Amino acid sequence: MVSFLKALVYGAGGVAVVGMVALVAFQERLVYVPVVPGLARAYPFTPARLRLDYEDVFLRTSDGVRLHSWFIKHSPPKPGPTILFFQENAGNIAHRLEFVRIMMQRLQCNVFMLSYRGYGESDGHPSQHGIIMDSQAALDHLTQRKDIDTSRIVVFGRSLGGAVGAVLVKNNPDNIKSLFFLNDCSTITFRFVVTAVVSSLILENTFTSILDMAGIMFPFLRWFISGSGSKGPKILNCIVRSPWRTIDIIGKIKRPILFLSGLQDELVPPSHMQMLYSKTVENNWDCRFVEFPNGMHMDTWFSGGHRYWRTIQLFLDQYVPEIKEGNLNFQVDDDKGNPSD
């Protein structure tokens, strides 16, 4: 009996050790899956297949990595928002084109699709530090474009993309507004010029952290690796190179946030989205949480149907409205520009 118990303990210990070694050696391959088994890394088709007007955009990150992206333009041109879309961890941006096509129809928007390093036609190898630089390069590119309304850039991330988007919005916190006074001695004209950072954030089926997801994917690790909300010992957190601690980021974001949660998500427990929302409303009341009873991890946009798109449209109407330039005039009765009574 004693020998059997020893063998059981040693066996369990051996499994744990093997699992930990595998986690250390192959963790990036578990988190980032540029090539889905059975599919090629190359794009199966381009936006042209769906008759979308697009531009190939090549970016250079701050560490010199060359990235590929698609800027898909609404045709005919519309003064709508521009969605900076961050995909999930598996496959490439071409696999999201049907979703993007419907998004453009329903929201009357432009869409910028970033291919993370190591994905699609982008160079390099994926990592948390690297993808954060990738996302910043994409935002920097958008803010320099002359053919979009840079005051209406919306970050939209699904799953891993939500973690990427949350870090990006946290790192670019505020819009900068400049006020110009034009005085012709009879009126004062107020004109606001907005230097855009990000107007709002949309998260769909995003996890609290990779640390928490490790315990879900590998239950024997939950006693050693866990996120900030867990009481576990966390003794192996230091070996996780891509922790993506969204739960620690989300509460620092002051921009409006829309949470889209599929309650049938088979990969990320829906409770993760609820925890992210609860953390957000501690300091930010400009947020909305909407559940979709039949939504799974990848098909919430499809199963949600009209309600899904209507939810996003109402959010954009409230927090990312079209700003029409106008003048505000006051009569003045002295040369200092003081308004008359």
# chains A, B, ... in the order shown; residues from 1 in each chain; ligands from 1
>>> select_by_dssp(residues="range 22-217 of chain A", states="alpha helix (DSSP H)", output="count of residues only")
58
>>> select_by_dssp(residues="range 75-116 of chain A", states="strand (DSSP E or B)", output="list of chain:residue names")
A:Thr82, A:Ile83, A:Leu84, A:Phe85, A:Phe86, A:Ala90, A:Asn110, A:Val111, A:Phe112, A:Met113, A:Leu114
>>> write_last_selection(atoms="N, CA and C atoms", output="PDB file, in the first residue's frame")
ATOM      1  N   THR A  82     -13.380  54.869 -37.504  1.00  0.00           N
ATOM      2  CA  THR A  82     -12.419  53.891 -37.989  1.00  0.00           C
ATOM      3  C   THR A  82     -12.157  52.895 -36.869  1.00  0.00           C
ATOM      4  N   ILE A  83     -12.406  51.625 -37.151  1.00  0.00           N
ATOM      5  CA  ILE A  83     -12.223  50.562 -36.170  1.00  0.00           C
ATOM      6  C   ILE A  83     -10.821  49.985 -36.318  1.00  0.00           C
ATOM      7  N   LEU A  84     -10.046  50.034 -35.248  1.00  0.00           N
ATOM      8  CA  LEU A  84      -8.744  49.365 -35.201  1.00  0.00           C
ATOM      9  C   LEU A  84      -8.984  47.996 -34.583  1.00  0.00           C
ATOM     10  N   PHE A  85      -8.991  46.961 -35.427  1.00  0.00           N
ATOM     11  CA  PHE A  85      -9.412  45.628 -35.001  1.00  0.00           C
ATOM     12  C   PHE A  85      -8.216  44.741 -34.659  1.00  0.00           C
ATOM     13  N   PHE A  86      -8.269  44.145 -33.461  1.00  0.00           N
ATOM     14  CA  PHE A  86      -7.251  43.191 -33.023  1.00  0.00           C
ATOM     15  C   PHE A  86      -7.893  41.815 -32.907  1.00  0.00           C
ATOM     16  N   ALA A  90      -5.508  32.811 -32.898  1.00  0.00           N
ATOM     17  CA  ALA A  90      -5.282  31.762 -33.894  1.00  0.00           C
ATOM     18  C   ALA A  90      -5.652  32.221 -35.296  1.00  0.00           C
ATOM     19  N   ASN A 110     -14.716  52.516 -41.427  1.00  0.00           N
ATOM     20  CA  ASN A 110     -13.489  51.958 -41.988  1.00  0.00           C
ATOM     21  C   ASN A 110     -12.943  50.954 -40.980  1.00  0.00           C
ATOM     22  N   VAL A 111     -12.123  50.026 -41.444  1.00  0.00           N
ATOM     23  CA  VAL A 111     -11.526  49.041 -40.530  1.00  0.00           C
ATOM     24  C   VAL A 111     -10.042  48.894 -40.850  1.00  0.00           C
ATOM     25  N   PHE A 112      -9.230  48.964 -39.808  1.00  0.00           N
ATOM     26  CA  PHE A 112      -7.798  48.710 -39.941  1.00  0.00           C
ATOM     27  C   PHE A 112      -7.506  47.371 -39.270  1.00  0.00           C
ATOM     28  N   MET A 113      -7.003  46.412 -40.041  1.00  0.00           N
ATOM     29  CA  MET A 113      -6.734  45.069 -39.539  1.00  0.00           C
ATOM     30  C   MET A 113      -5.219  44.870 -39.444  1.00  0.00           C
ATOM     31  N   LEU A 114      -4.735  44.736 -38.231  1.00  0.00           N
ATOM     32  CA  LEU A 114      -3.300  44.551 -37.988  1.00  0.00           C
ATOM     33  C   LEU A 114      -2.944  43.079 -37.954  1.00  0.00           C
TER      34      LEU A 114
END
>>> closest_residue(among="A:Gln108, A:Gln264, A:Thr300, A:Ser122", to="Phe58 in chain A", atoms="only C-alpha atoms")
A:Ser122
>>> residues_around(residues="Asp265 in chain A", least_positions_apart="3", cutoff="6 Å", atoms="only C-alpha atoms", output="JSON list (two decimals) with C-alpha atoms, in the first residue's frame")
[["chain", "number", "residue", "atom", "x", "y", "z"],
["A", 262, "GLY", "CA", -21.07, 35.33, -25.20],
["A", 268, "VAL", "CA", -12.87, 31.81, -22.00],
["A", 296, "MET", "CA", -19.77, 31.13, -28.29],
["A", 297, "HIS", "CA", -16.14, 32.26, -28.32]]
>>> closest_residue(among="A:Ser200, A:Ser209, A:Ser271, A:Ser242", to="Cys287 in chain A", atoms="only C-alpha atoms")
A:Ser200
>>> residues_around(residues="Ala138 in chain A", least_positions_apart="5", cutoff="12 Å", atoms="only C-alpha atoms", output="PyMOL selection string")
chain A and resi 57-62+66-71+83-86+111-117+131-133+143-145+153+155+164-165+168+197-198
>>> write_last_selection(atoms="C-alpha atoms", output="mmCIF file, in the first residue's frame")
data_model
loop_
_atom_site.group_PDB
_atom_site.id
_atom_site.type_symbol
_atom_site.label_atom_id
_atom_site.label_comp_id
_atom_site.auth_asym_id
_atom_site.auth_seq_id
_atom_site.Cartn_x
_atom_site.Cartn_y
_atom_site.Cartn_z
ATOM 1 C CA VAL A 57 -0.180 48.891 -45.355
ATOM 2 C CA PHE A 58 3.326 47.973 -44.218
ATOM 3 C CA LEU A 59 4.463 49.352 -40.876
ATOM 4 C CA ARG A 60 7.784 49.440 -39.074
ATOM 5 C CA THR A 61 7.660 49.013 -35.305
ATOM 6 C CA SER A 62 9.881 50.811 -32.813
ATOM 7 C CA ARG A 66 8.085 44.944 -40.551
ATOM 8 C CA LEU A 67 4.335 44.382 -40.209
ATOM 9 C CA HIS A 68 1.587 43.898 -42.751
ATOM 10 C CA SER A 69 -1.931 45.275 -42.359
ATOM 11 C CA TRP A 70 -5.069 46.005 -44.340
ATOM 12 C CA PHE A 71 -6.802 49.357 -44.261
ATOM 13 C CA ILE A 83 -12.223 50.562 -36.170
ATOM 14 C CA LEU A 84 -8.744 49.365 -35.201
ATOM 15 C CA PHE A 85 -9.412 45.628 -35.001
ATOM 16 C CA PHE A 86 -7.251 43.191 -33.023
ATOM 17 C CA VAL A 111 -11.526 49.041 -40.530
ATOM 18 C CA PHE A 112 -7.798 48.710 -39.941
ATOM 19 C CA MET A 113 -6.734 45.069 -39.539
ATOM 20 C CA LEU A 114 -3.300 44.551 -37.988
ATOM 21 C CA SER A 115 -1.355 41.375 -38.601
ATOM 22 C CA TYR A 116 0.666 40.724 -35.438
ATOM 23 C CA ARG A 117 4.370 39.956 -35.795
ATOM 24 C CA ILE A 131 2.659 42.764 -29.974
ATOM 25 C CA ILE A 132 2.270 45.780 -27.704
ATOM 26 C CA MET A 133 4.742 47.584 -29.993
ATOM 27 C CA THR A 143 -3.421 59.134 -36.299
ATOM 28 C CA GLN A 144 -1.252 60.327 -39.202
ATOM 29 C CA ARG A 145 -3.742 59.500 -41.952
ATOM 30 C CA ILE A 153 -10.726 55.876 -33.755
ATOM 31 C CA VAL A 155 -10.206 49.962 -30.670
ATOM 32 C CA VAL A 164 -3.917 43.881 -26.759
ATOM 33 C CA GLY A 165 -6.475 46.655 -27.129
ATOM 34 C CA LEU A 168 -2.973 50.134 -26.097
ATOM 35 C CA VAL A 197 -5.664 58.956 -29.429
ATOM 36 C CA VAL A 198 -8.544 56.510 -28.928
#
>>> atom_distance(atom1="CA of Phe292 in chain A", atom2="CA of Leu260 in chain A")
7.6 Å
>>> residues_around(residues="Pro269 in chain A", least_positions_apart="6", cutoff="10 Å", atoms="only C-alpha atoms", output="number ranges by chain")
A: 205-208, 213, 216, 261-263, 297
>>> residues_around(residues="Val100 in chain A", least_positions_apart="3", cutoff="9 Å", atoms="only C-alpha atoms", output="PDB file with N, CA and C atoms, in the first residue's frame")
ATOM      1  N   ILE A  72      -9.128  48.883 -44.726  1.00  0.00           N
ATOM      2  CA  ILE A  72     -10.293  48.621 -45.563  1.00  0.00           C
ATOM      3  C   ILE A  72     -11.209  49.837 -45.489  1.00  0.00           C
ATOM      4  N   PHE A  85      -8.991  46.961 -35.427  1.00  0.00           N
ATOM      5  CA  PHE A  85      -9.412  45.628 -35.001  1.00  0.00           C
ATOM      6  C   PHE A  85      -8.216  44.741 -34.659  1.00  0.00           C
ATOM      7  N   ARG A  96     -10.930  36.722 -40.656  1.00  0.00           N
ATOM      8  CA  ARG A  96     -11.922  37.611 -40.023  1.00  0.00           C
ATOM      9  C   ARG A  96     -12.614  38.509 -41.049  1.00  0.00           C
ATOM     10  N   LEU A  97     -12.379  38.292 -42.318  1.00  0.00           N
ATOM     11  CA  LEU A  97     -12.879  39.219 -43.325  1.00  0.00           C
ATOM     12  C   LEU A  97     -14.398  39.209 -43.461  1.00  0.00           C
ATOM     13  N   MET A 103     -19.426  44.142 -40.546  1.00  0.00           N
ATOM     14  CA  MET A 103     -19.205  45.290 -39.675  1.00  0.00           C
ATOM     15  C   MET A 103     -19.263  46.592 -40.465  1.00  0.00           C
ATOM     16  N   MET A 104     -18.612  46.613 -41.608  1.00  0.00           N
ATOM     17  CA  MET A 104     -18.579  47.833 -42.406  1.00  0.00           C
ATOM     18  C   MET A 104     -19.971  48.182 -42.935  1.00  0.00           C
ATOM     19  N   GLN A 105     -20.744  47.175 -43.292  1.00  0.00           N
ATOM     20  CA  GLN A 105     -22.100  47.419 -43.764  1.00  0.00           C
ATOM     21  C   GLN A 105     -22.987  47.968 -42.648  1.00  0.00           C
ATOM     22  N   VAL A 111     -12.123  50.026 -41.444  1.00  0.00           N
ATOM     23  CA  VAL A 111     -11.526  49.041 -40.530  1.00  0.00           C
ATOM     24  C   VAL A 111     -10.042  48.894 -40.850  1.00  0.00           C
TER      25      VAL A 111
END
>>> atom_distance(atom1="CA of Arg101 in chain A", atom2="CA of Glu204 in chain A")
17.7 Å
